[in-house]
Amino acid sequence: MARPDITEVRKLSEPELSEQISATRRELFDLRFLQATRRLEHPHRFKQARIKLAHLLTVQQELSLIHI
């Protein structure tokens, strides 16, 4: 899986953005659970999920500054 492109994230609407943030946070939670139970097969997914979450939160912050 390639890194998500920030331009693709900027095309999302606000509800889609919030949904993606929630889904990514849930994915990170699940990955931590799998790691704790020693069933995690792909540890590189942590980095991918963190980068995706950072992109999403950055765009959300940019949108909130625009709407002030």
# chains A, B, ... in the order shown; residues from 1 in each chain; ligands from 1

$ residues_around --residues "Gln60 of chain A" --least-positions-apart "2" --cutoff "12 Å" --atoms "only C-alpha atoms" --output "list in words"
Ile6, Val9, Arg10, Lys11, Leu12, Ser13, Glu14, Pro15, Glu16, Leu17, Ser18, Glu19, Gln20, Ile21, Leu53, Ala54, His55, Leu56, Leu57, Thr58, Glu62, Leu63, Ser64, Leu65, Ile66 and His67 of chain A

$ write_last_selection --atoms "C-alpha atoms" --output "mmCIF file, in the first residue's frame"
data_model
loop_
_atom_site.group_PDB
_atom_site.id
_atom_site.type_symbol
_atom_site.label_atom_id
_atom_site.label_comp_id
_atom_site.auth_asym_id
_atom_site.auth_seq_id
_atom_site.Cartn_x
_atom_site.Cartn_y
_atom_site.Cartn_z
ATOM 1 C CA ILE A 6 -2.307 14.822 0.754
ATOM 2 C CA VAL A 9 -7.204 13.976 1.396
ATOM 3 C CA ARG A 10 -7.893 17.638 0.606
ATOM 4 C CA LYS A 11 -10.637 16.587 -1.820
ATOM 5 C CA LEU A 12 -12.692 15.006 0.993
ATOM 6 C CA SER A 13 -15.711 16.782 2.427
ATOM 7 C CA GLU A 14 -15.831 17.545 6.153
ATOM 8 C CA PRO A 15 -18.093 14.591 7.057
ATOM 9 C CA GLU A 16 -15.912 12.219 5.011
ATOM 10 C CA LEU A 17 -12.841 13.657 6.709
ATOM 11 C CA SER A 18 -14.294 13.048 10.178
ATOM 12 C CA GLU A 19 -15.278 9.530 9.183
ATOM 13 C CA GLN A 20 -11.767 8.798 7.879
ATOM 14 C CA ILE A 21 -10.217 10.164 11.094
ATOM 15 C CA LEU A 53 -3.923 10.203 10.480
ATOM 16 C CA ALA A 54 -1.452 13.090 10.390
ATOM 17 C CA HIS A 55 -2.585 14.010 6.876
ATOM 18 C CA LEU A 56 -6.238 13.875 7.876
ATOM 19 C CA LEU A 57 -5.757 15.950 11.021
ATOM 20 C CA THR A 58 -3.686 18.522 9.128
ATOM 21 C CA GLU A 62 -6.626 23.821 7.742
ATOM 22 C CA LEU A 63 -10.378 23.682 7.140
ATOM 23 C CA SER A 64 -11.143 24.892 10.661
ATOM 24 C CA LEU A 65 -8.828 27.881 10.157
ATOM 25 C CA ILE A 66 -10.547 28.753 6.897
ATOM 26 C CA HIS A 67 -13.998 28.712 8.506
#

$ select_by_dssp --residues "segment 18-50 of chain A" --states "alpha helix (DSSP H)" --output "list in words"
Ser18, Glu19, Gln20, Ile21, Ser22, Ala23, Thr24, Arg25, Arg26, Glu27, Leu28, Phe29, Asp30, Leu31, Arg32, Phe33, Leu34, Gln35, Ala36, His44, Arg45, Phe46, Lys47, Gln48, Ala49 and Arg50 of chain A

$ atom_distance --atom1 "atom CA of Asp30 of chain A" --atom2 "atom CA of Arg50 of chain A"
12.9 Å

$ decode --residues "segment 16-60 of chain A" --atoms "N, CA and C atoms" --output "tab-separated table (two decimals), in the first residue's frame"
chain	number	residue	atom	x	y	z
A	16	GLU	N	-16.79	13.32	5.43
A	16	GLU	CA	-15.91	12.22	5.01
A	16	GLU	C	-14.59	12.27	5.76
A	17	LEU	N	-14.10	13.47	5.99
A	17	LEU	CA	-12.84	13.66	6.71
A	17	LEU	C	-12.97	13.14	8.14
A	18	SER	N	-14.07	13.52	8.81
A	18	SER	CA	-14.29	13.05	10.18
A	18	SER	C	-14.43	11.53	10.23
A	19	GLU	N	-15.10	10.97	9.24
A	19	GLU	CA	-15.28	9.53	9.18
A	19	GLU	C	-13.93	8.83	9.00
A	20	GLN	N	-13.09	9.38	8.12
A	20	GLN	CA	-11.77	8.80	7.88
A	20	GLN	C	-10.89	8.89	9.13
A	21	ILE	N	-10.99	10.00	9.86
A	21	ILE	CA	-10.22	10.16	11.09
A	21	ILE	C	-10.63	9.11	12.10
A	22	SER	N	-11.93	8.92	12.28
A	22	SER	CA	-12.42	7.91	13.22
A	22	SER	C	-11.97	6.51	12.81
A	23	ALA	N	-12.05	6.21	11.52
A	23	ALA	CA	-11.66	4.89	11.04
A	23	ALA	C	-10.17	4.65	11.24
A	24	THR	N	-9.36	5.67	11.01
A	24	THR	CA	-7.91	5.52	11.17
A	24	THR	C	-7.54	5.36	12.63
A	25	ARG	N	-8.21	6.11	13.51
A	25	ARG	CA	-7.94	5.94	14.95
A	25	ARG	C	-8.33	4.55	15.41
A	26	ARG	N	-9.44	4.04	14.88
A	26	ARG	CA	-9.87	2.68	15.22
A	26	ARG	C	-8.85	1.65	14.70
A	27	GLU	N	-8.33	1.90	13.50
A	27	GLU	CA	-7.32	1.00	12.94
A	27	GLU	C	-6.07	0.97	13.82
A	28	LEU	N	-5.64	2.13	14.30
A	28	LEU	CA	-4.47	2.18	15.19
A	28	LEU	C	-4.74	1.43	16.49
A	29	PHE	N	-5.96	1.58	17.02
A	29	PHE	CA	-6.33	0.85	18.23
A	29	PHE	C	-6.25	-0.65	17.99
A	30	ASP	N	-6.83	-1.09	16.87
A	30	ASP	CA	-6.81	-2.51	16.54
A	30	ASP	C	-5.39	-3.03	16.36
A	31	LEU	N	-4.54	-2.23	15.72
A	31	LEU	CA	-3.15	-2.63	15.53
A	31	LEU	C	-2.43	-2.76	16.87
A	32	ARG	N	-2.69	-1.83	17.79
A	32	ARG	CA	-2.08	-1.94	19.13
A	32	ARG	C	-2.57	-3.19	19.85
A	33	PHE	N	-3.85	-3.50	19.69
A	33	PHE	CA	-4.39	-4.71	20.31
A	33	PHE	C	-3.73	-5.96	19.74
A	34	LEU	N	-3.61	-6.01	18.42
A	34	LEU	CA	-2.96	-7.16	17.79
A	34	LEU	C	-1.50	-7.29	18.23
A	35	GLN	N	-0.83	-6.16	18.39
A	35	GLN	CA	0.56	-6.19	18.83
A	35	GLN	C	0.65	-6.71	20.26
A	36	ALA	N	-0.27	-6.29	21.11
A	36	ALA	CA	-0.24	-6.71	22.51
A	36	ALA	C	-0.52	-8.20	22.64
A	37	THR	N	-1.33	-8.74	21.74
A	37	THR	CA	-1.64	-10.16	21.80
A	37	THR	C	-0.71	-10.99	20.91
A	38	ARG	N	0.31	-10.34	20.37
A	38	ARG	CA	1.33	-10.98	19.54
A	38	ARG	C	0.76	-11.65	18.30
A	39	ARG	N	-0.24	-11.01	17.69
A	39	ARG	CA	-0.82	-11.54	16.46
A	39	ARG	C	-0.63	-10.58	15.29
A	40	LEU	N	0.17	-9.54	15.47
A	40	LEU	CA	0.39	-8.55	14.41
A	40	LEU	C	1.36	-9.12	13.38
A	41	GLU	N	0.88	-9.20	12.14
A	41	GLU	CA	1.71	-9.78	11.08
A	41	GLU	C	2.44	-8.72	10.25
A	42	HIS	N	1.91	-7.51	10.19
A	42	HIS	CA	2.48	-6.46	9.35
A	42	HIS	C	2.73	-5.19	10.18
A	43	PRO	N	3.85	-5.11	10.88
A	43	PRO	CA	4.11	-3.96	11.75
A	43	PRO	C	4.27	-2.65	10.98
A	44	HIS	N	4.54	-2.70	9.68
A	44	HIS	CA	4.68	-1.47	8.90
A	44	HIS	C	3.36	-0.71	8.79
A	45	ARG	N	2.25	-1.38	9.09
A	45	ARG	CA	0.95	-0.71	9.01
A	45	ARG	C	0.82	0.39	10.06
A	46	PHE	N	1.57	0.31	11.17
A	46	PHE	CA	1.57	1.38	12.17
A	46	PHE	C	1.99	2.70	11.54
A	47	LYS	N	3.11	2.66	10.84
A	47	LYS	CA	3.64	3.88	10.24
A	47	LYS	C	2.67	4.42	9.20
A	48	GLN	N	2.13	3.56	8.38
A	48	GLN	CA	1.18	4.00	7.36
A	48	GLN	C	-0.05	4.65	7.98
A	49	ALA	N	-0.57	4.05	9.04
A	49	ALA	CA	-1.76	4.59	9.70
A	49	ALA	C	-1.46	5.91	10.38
A	50	ARG	N	-0.29	6.04	11.00
A	50	ARG	CA	0.07	7.30	11.65
A	50	ARG	C	0.22	8.42	10.63
A	51	ILE	N	0.83	8.13	9.49
A	51	ILE	CA	1.00	9.14	8.45
A	51	ILE	C	-0.37	9.54	7.90
A	52	LYS	N	-1.23	8.56	7.67
A	52	LYS	CA	-2.57	8.86	7.17
A	52	LYS	C	-3.33	9.73	8.17
A	53	LEU	N	-3.24	9.41	9.46
A	53	LEU	CA	-3.92	10.20	10.48
A	53	LEU	C	-3.37	11.62	10.53
A	54	ALA	N	-2.07	11.76	10.39
A	54	ALA	CA	-1.45	13.09	10.39
A	54	ALA	C	-1.96	13.92	9.21
A	55	HIS	N	-2.07	13.31	8.06
A	55	HIS	CA	-2.58	14.01	6.88
A	55	HIS	C	-4.02	14.46	7.12
A	56	LEU	N	-4.83	13.56	7.64
A	56	LEU	CA	-6.24	13.87	7.88
A	56	LEU	C	-6.40	15.00	8.90
A	57	LEU	N	-5.65	14.92	9.98
A	57	LEU	CA	-5.76	15.95	11.02
A	57	LEU	C	-5.23	17.30	10.53
A	58	THR	N	-4.22	17.28	9.69
A	58	THR	CA	-3.69	18.52	9.13
A	58	THR	C	-4.73	19.20	8.26
A	59	VAL	N	-5.36	18.44	7.40
A	59	VAL	CA	-6.38	19.01	6.52
A	59	VAL	C	-7.58	19.50	7.34
A	60	GLN	N	-7.96	18.75	8.38
A	60	GLN	CA	-9.06	19.18	9.23
A	60	GLN	C	-8.72	20.51	9.92
